[in-house]
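Engineer: If you scroll down you'll find the structure; I have some questions about it.
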Amino acid sequence: MRAVIQRVTQASVRVEGETIGSIGHGLLVLLGIEDADTEEDVRWLSAKVVNLRIFNDTEGVMNVSVKEGMGDVLLISQFTLHASTKKGNRPSYLKASKPGHALPLYGQMAAQLGQDLGKPIQTGRFGADMKVSLLNDGPVTLLIDTRNKE
């Protein structure tokens, strides 16, 4: 799994002109799933996301997690995170999972994030043409890949 995690002061997602998910202070998580991903990746990545200390404490130091800071999470599926640009100018998406594998893991990630955060999260719509808006705070943006846990 690959995740782009952005600290935001607000974020929302629209599908066909309708807002289907919206948060204030918290994290926007763009999630790409590949065939090798499992429930273990879901559990590891969810725990990492909710416990990342990337919000400022009272001293202005990034020392508070989204869970501790009572923030929210908006989870968006994004197969393009597994694009390969090695050859030519047209990205290849062969590593990105097909819906049969990816959709259940996306649902599991949403449920796990909600459980780990201690409250429901907001989501986009898997496979839909989504319009995502955000106000990146900092900006703080992290990339995490469960295949390369550094």
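Please note that chains go A, B, ... in the order of the structure tokens, that every chain numbers its residues from 1, and that ligands are numbered from 1 in the order shown.
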If you count only C-alpha atoms, which residues fall within 6 Å of region 112-125 of chain A, apart from same-chain ones fewer than 4 positions away, as a list of chain:residue names?

Structural biologist: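 The residues that qualify are A:Gly21, A:Ser46, A:Lys67, A:Val73, A:Leu74, A:Leu75, A:Ile76, A:Gln108.
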
Engineer: Can you pull out every residue from region 78-147 of chain A that DSSP, working from the backbone, puts in helix (DSSP H, G or I), and format the result as a list in words?

Structural biologist: Phe79, Thr80, Leu81, His82, Pro99, Gly100, His101, Ala102, Leu103, Pro104, Leu105, Tyr106, Gly107, Gln108, Met109, Ala110, Ala111, Gln112, Leu113, Gly114, Gln115, Asp116 and Leu117 of chain A

Engineer: For those residues, write N, CA, C and O atoms to a file as a PDB file, in the first residue's frame.

Structural biologist:
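What landed in part-v1.pdb:
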ATOM      1  N   PHE A  79      -5.589   4.902  -7.321  1.00  0.00           N
ATOM      2  CA  PHE A  79      -4.781   3.872  -7.959  1.00  0.00           C
ATOM      3  C   PHE A  79      -3.542   4.441  -8.636  1.00  0.00           C
ATOM      4  O   PHE A  79      -2.537   3.744  -8.806  1.00  0.00           O
ATOM      5  N   THR A  80      -3.545   5.715  -8.981  1.00  0.00           N
ATOM      6  CA  THR A  80      -2.405   6.312  -9.686  1.00  0.00           C
ATOM      7  C   THR A  80      -1.151   6.387  -8.817  1.00  0.00           C
ATOM      8  O   THR A  80      -0.066   6.646  -9.340  1.00  0.00           O
ATOM      9  N   LEU A  81      -1.265   6.138  -7.523  1.00  0.00           N
ATOM     10  CA  LEU A  81      -0.075   6.120  -6.663  1.00  0.00           C
ATOM     11  C   LEU A  81       0.857   4.967  -7.017  1.00  0.00           C
ATOM     12  O   LEU A  81       2.024   4.968  -6.631  1.00  0.00           O
ATOM     13  N   HIS A  82       0.349   3.989  -7.758  1.00  0.00           N
ATOM     14  CA  HIS A  82       1.179   2.866  -8.186  1.00  0.00           C
ATOM     15  C   HIS A  82       1.584   2.987  -9.652  1.00  0.00           C
ATOM     16  O   HIS A  82       1.934   1.995 -10.290  1.00  0.00           O
ATOM     17  N   PRO A  99     -10.374  -3.702  -8.923  1.00  0.00           N
ATOM     18  CA  PRO A  99     -11.379  -3.525  -7.857  1.00  0.00           C
ATOM     19  C   PRO A  99     -11.673  -4.773  -7.028  1.00  0.00           C
ATOM     20  O   PRO A  99     -11.935  -4.666  -5.834  1.00  0.00           O
ATOM     21  N   GLY A 100     -11.620  -5.955  -7.625  1.00  0.00           N
ATOM     22  CA  GLY A 100     -11.920  -7.178  -6.881  1.00  0.00           C
ATOM     23  C   GLY A 100     -11.032  -7.369  -5.661  1.00  0.00           C
ATOM     24  O   GLY A 100     -11.468  -7.910  -4.645  1.00  0.00           O
ATOM     25  N   HIS A 101      -9.791  -6.938  -5.743  1.00  0.00           N
ATOM     26  CA  HIS A 101      -8.865  -7.035  -4.616  1.00  0.00           C
ATOM     27  C   HIS A 101      -8.818  -5.728  -3.822  1.00  0.00           C
ATOM     28  O   HIS A 101      -8.774  -5.740  -2.594  1.00  0.00           O
ATOM     29  N   ALA A 102      -8.814  -4.609  -4.545  1.00  0.00           N
ATOM     30  CA  ALA A 102      -8.606  -3.308  -3.910  1.00  0.00           C
ATOM     31  C   ALA A 102      -9.813  -2.832  -3.101  1.00  0.00           C
ATOM     32  O   ALA A 102      -9.644  -2.274  -2.012  1.00  0.00           O
ATOM     33  N   LEU A 103     -11.023  -3.028  -3.610  1.00  0.00           N
ATOM     34  CA  LEU A 103     -12.211  -2.505  -2.928  1.00  0.00           C
ATOM     35  C   LEU A 103     -12.382  -3.076  -1.520  1.00  0.00           C
ATOM     36  O   LEU A 103     -12.600  -2.310  -0.575  1.00  0.00           O
ATOM     37  N   PRO A 104     -12.244  -4.390  -1.323  1.00  0.00           N
ATOM     38  CA  PRO A 104     -12.353  -4.894   0.057  1.00  0.00           C
ATOM     39  C   PRO A 104     -11.274  -4.322   0.983  1.00  0.00           C
ATOM     40  O   PRO A 104     -11.561  -3.999   2.136  1.00  0.00           O
ATOM     41  N   LEU A 105     -10.042  -4.183   0.479  1.00  0.00           N
ATOM     42  CA  LEU A 105      -8.982  -3.625   1.322  1.00  0.00           C
ATOM     43  C   LEU A 105      -9.223  -2.151   1.621  1.00  0.00           C
ATOM     44  O   LEU A 105      -8.911  -1.686   2.730  1.00  0.00           O
ATOM     45  N   TYR A 106      -9.775  -1.420   0.668  1.00  0.00           N
ATOM     46  CA  TYR A 106     -10.126  -0.017   0.910  1.00  0.00           C
ATOM     47  C   TYR A 106     -11.173   0.065   2.027  1.00  0.00           C
ATOM     48  O   TYR A 106     -11.059   0.877   2.946  1.00  0.00           O
ATOM     49  N   GLY A 107     -12.174  -0.796   1.965  1.00  0.00           N
ATOM     50  CA  GLY A 107     -13.195  -0.833   3.015  1.00  0.00           C
ATOM     51  C   GLY A 107     -12.607  -1.205   4.363  1.00  0.00           C
ATOM     52  O   GLY A 107     -12.965  -0.633   5.395  1.00  0.00           O
ATOM     53  N   GLN A 108     -11.692  -2.171   4.363  1.00  0.00           N
ATOM     54  CA  GLN A 108     -11.031  -2.567   5.604  1.00  0.00           C
ATOM     55  C   GLN A 108     -10.189  -1.426   6.165  1.00  0.00           C
ATOM     56  O   GLN A 108     -10.153  -1.220   7.379  1.00  0.00           O
ATOM     57  N   MET A 109      -9.529  -0.683   5.264  1.00  0.00           N
ATOM     58  CA  MET A 109      -8.714   0.450   5.732  1.00  0.00           C
ATOM     59  C   MET A 109      -9.604   1.511   6.366  1.00  0.00           C
ATOM     60  O   MET A 109      -9.263   2.060   7.414  1.00  0.00           O
ATOM     61  N   ALA A 110     -10.729   1.811   5.750  1.00  0.00           N
ATOM     62  CA  ALA A 110     -11.648   2.803   6.318  1.00  0.00           C
ATOM     63  C   ALA A 110     -12.126   2.361   7.700  1.00  0.00           C
ATOM     64  O   ALA A 110     -12.139   3.147   8.650  1.00  0.00           O
ATOM     65  N   ALA A 111     -12.489   1.097   7.822  1.00  0.00           N
ATOM     66  CA  ALA A 111     -12.956   0.577   9.112  1.00  0.00           C
ATOM     67  C   ALA A 111     -11.838   0.587  10.149  1.00  0.00           C
ATOM     68  O   ALA A 111     -12.051   0.966  11.303  1.00  0.00           O
ATOM     69  N   GLN A 112     -10.636   0.184   9.746  1.00  0.00           N
ATOM     70  CA  GLN A 112      -9.506   0.129  10.677  1.00  0.00           C
ATOM     71  C   GLN A 112      -9.104   1.524  11.138  1.00  0.00           C
ATOM     72  O   GLN A 112      -8.823   1.738  12.315  1.00  0.00           O
ATOM     73  N   LEU A 113      -9.073   2.484  10.206  1.00  0.00           N
ATOM     74  CA  LEU A 113      -8.763   3.865  10.587  1.00  0.00           C
ATOM     75  C   LEU A 113      -9.784   4.384  11.597  1.00  0.00           C
ATOM     76  O   LEU A 113      -9.425   5.023  12.582  1.00  0.00           O
ATOM     77  N   GLY A 114     -11.059   4.102  11.355  1.00  0.00           N
ATOM     78  CA  GLY A 114     -12.100   4.525  12.285  1.00  0.00           C
ATOM     79  C   GLY A 114     -11.926   3.896  13.652  1.00  0.00           C
ATOM     80  O   GLY A 114     -12.071   4.560  14.688  1.00  0.00           O
ATOM     81  N   GLN A 115     -11.585   2.610  13.674  1.00  0.00           N
ATOM     82  CA  GLN A 115     -11.368   1.909  14.942  1.00  0.00           C
ATOM     83  C   GLN A 115     -10.144   2.478  15.659  1.00  0.00           C
ATOM     84  O   GLN A 115     -10.199   2.772  16.855  1.00  0.00           O
ATOM     85  N   ASP A 116      -9.040   2.656  14.926  1.00  0.00           N
ATOM     86  CA  ASP A 116      -7.814   3.156  15.549  1.00  0.00           C
ATOM     87  C   ASP A 116      -7.939   4.609  15.991  1.00  0.00           C
ATOM     88  O   ASP A 116      -7.348   5.009  16.990  1.00  0.00           O
ATOM     89  N   LEU A 117      -8.718   5.390  15.245  1.00  0.00           N
ATOM     90  CA  LEU A 117      -8.908   6.798  15.586  1.00  0.00           C
ATOM     91  C   LEU A 117      -9.922   6.970  16.712  1.00  0.00           C
ATOM     92  O   LEU A 117      -9.897   7.955  17.439  1.00  0.00           O
TER      93      LEU A 117
END

Engineer: Can you pull out every residue within 9 Å of Val64 (chain A), counting only C-alpha atoms, but drop anything in the same chain fewer than 2 positions away, and send it as a count of residues only?

Structural biologist: 13

Engineer: I'd like to know which of A:Ala96, A:Val29, A:Ala36, A:Ile20 is closest to Ile144 (chain A), using only C-alpha atoms.

Structural biologist: A:Val29

Engineer: Which neighbours of Leu135 (chain A) fall inside 6 Å, counting only C-alpha atoms, when residues of the same chain fewer than 4 positions from it are skipped, and could you give them as a PyMOL selection string?

Structural biologist: chain A and resi 8-10

Engineer: Give me a file of those residues, with N, CA and C atoms, as a short mmCIF file (atom, residue, chain, number, x, y, z; two decimals), in the first residue's frame.

Structural biologist:
data_model
loop_
_atom_site.label_atom_id
_atom_site.label_comp_id
_atom_site.auth_asym_id
_atom_site.auth_seq_id
_atom_site.Cartn_x
_atom_site.Cartn_y
_atom_site.Cartn_z
N VAL A 8 -4.08 18.79 7.01
CA VAL A 8 -4.97 19.79 6.44
C VAL A 8 -5.73 20.56 7.51
N THR A 9 -6.14 21.78 7.14
CA THR A 9 -7.08 22.50 7.99
C THR A 9 -8.50 22.25 7.53
N GLN A 10 -8.62 21.79 6.27
CA GLN A 10 -9.92 21.35 5.74
C GLN A 10 -9.69 20.54 4.48
#

Engineer: As a PDB file with all heavy atoms, in the first residue's frame, please: the residues near Leu94 (chain A) (cut-off 9 Å, only C-alpha atoms, same-chain neighbours under 4 positions excluded).

Structural biologist:
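Contents of result.pdb, freshly written:
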ATOM      1  N   GLU A  34      -2.032  -2.360  -4.086  1.00  0.00           N
ATOM      2  CA  GLU A  34      -1.500  -3.275  -5.095  1.00  0.00           C
ATOM      3  C   GLU A  34      -1.849  -4.709  -4.698  1.00  0.00           C
ATOM      4  O   GLU A  34      -2.261  -4.967  -3.561  1.00  0.00           O
ATOM      5  CB  GLU A  34       0.001  -3.087  -5.274  1.00  0.00           C
ATOM      6  CG  GLU A  34       0.840  -3.396  -4.067  1.00  0.00           C
ATOM      7  CD  GLU A  34       2.326  -3.197  -4.315  1.00  0.00           C
ATOM      8  OE1 GLU A  34       2.823  -3.606  -5.383  1.00  0.00           O
ATOM      9  OE2 GLU A  34       2.995  -2.637  -3.438  1.00  0.00           O
ATOM     10  N   HIS A  82       0.349   3.989  -7.758  1.00  0.00           N
ATOM     11  CA  HIS A  82       1.179   2.866  -8.186  1.00  0.00           C
ATOM     12  C   HIS A  82       1.584   2.987  -9.652  1.00  0.00           C
ATOM     13  O   HIS A  82       1.934   1.995 -10.290  1.00  0.00           O
ATOM     14  CB  HIS A  82       0.466   1.537  -7.915  1.00  0.00           C
ATOM     15  CG  HIS A  82       0.489   1.165  -6.474  1.00  0.00           C
ATOM     16  ND1 HIS A  82       1.630   0.758  -5.825  1.00  0.00           N
ATOM     17  CD2 HIS A  82      -0.476   1.179  -5.544  1.00  0.00           C
ATOM     18  CE1 HIS A  82       1.362   0.516  -4.564  1.00  0.00           C
ATOM     19  NE2 HIS A  82       0.092   0.773  -4.360  1.00  0.00           N
ATOM     20  N   ALA A  83       1.567   4.182 -10.184  1.00  0.00           N
ATOM     21  CA  ALA A  83       1.974   4.398 -11.576  1.00  0.00           C
ATOM     22  C   ALA A  83       3.463   4.145 -11.749  1.00  0.00           C
ATOM     23  O   ALA A  83       4.273   4.513 -10.905  1.00  0.00           O
ATOM     24  CB  ALA A  83       1.647   5.821 -12.001  1.00  0.00           C
ATOM     25  N   SER A  84       3.792   3.526 -12.860  1.00  0.00           N
ATOM     26  CA  SER A  84       5.194   3.367 -13.234  1.00  0.00           C
ATOM     27  C   SER A  84       5.460   4.301 -14.411  1.00  0.00           C
ATOM     28  O   SER A  84       4.734   4.282 -15.410  1.00  0.00           O
ATOM     29  CB  SER A  84       5.477   1.923 -13.658  1.00  0.00           C
ATOM     30  OG  SER A  84       6.790   1.829 -14.195  1.00  0.00           O
TER      31      SER A  84
END

Engineer: Which residue, A:Leu27, A:Gly71, A:Thr85, A:Trp44, has the smallest gap to Ala11 (chain A) when you use only C-alpha atoms?

Structural biologist: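 The shortest atom-to-atom distance to Ala11 (chain A) comes from A:Leu27.
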
Engineer: Taking the DSSP assignment computed from this structure's backbone, write out as an MDAnalysis selection string all residues of chain A that belong to strand (DSSP E).

Structural biologist: chainID A and resid 2:15 18:23 26:32 55:56 62:64 72:77 122:123 130:145

Engineer: Considering only C-alpha atoms, state which residue in the set A:Val140, A:Gln78, A:Leu134, A:Asn63 is at the smallest distance from Ser22 (chain A).

Structural biologist: A:Leu134

Engineer: For the atom pair CA of Ser77 (chain A) and CA of Gly32 (chain A), what is the interatomic distance in Å to one decimal place?

Structural biologist: 6.1 Å

Engineer: Just how far from CA of Leu31 (chain A) is CA of Thr141 (chain A), in Å to one decimal?

Structural biologist: 13.4 Å

Engineer: Please report the interatomic distance between CA of Asp145 (chain A) and CA of Val42 (chain A) in Å with one decimal.

Structural biologist: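 Here the two named atoms are 11.4 Å from each other.
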
Engineer: Name the closest residue to Val4 (chain A) among the candidates A:Thr146, A:Gly88, A:Met70, A:His25; distances are taken between atoms, counting only C-alpha atoms.

Structural biologist: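 Of A:Thr146, A:Gly88, A:Met70, A:His25, the one nearest Val4 (chain A) is A:Thr146, counting only C-alpha atoms.
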
Engineer: Would you mind telling me which residue in A:Gly60, A:Arg7, A:Lys98, A:Pro91 lies nearest to Gly138 (chain A) when using only C-alpha atoms?

Structural biologist: A:Arg7

Engineer: In terms of the shortest atom-to-atom distance over only C-alpha atoms, which of A:Val50, A:Leu143, A:Ala3, A:Val15 is closest to Leu30 (chain A)?

Structural biologist: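 Once distances to Leu30 (chain A) are computed over only C-alpha atoms, the minimum belongs to A:Ala3.
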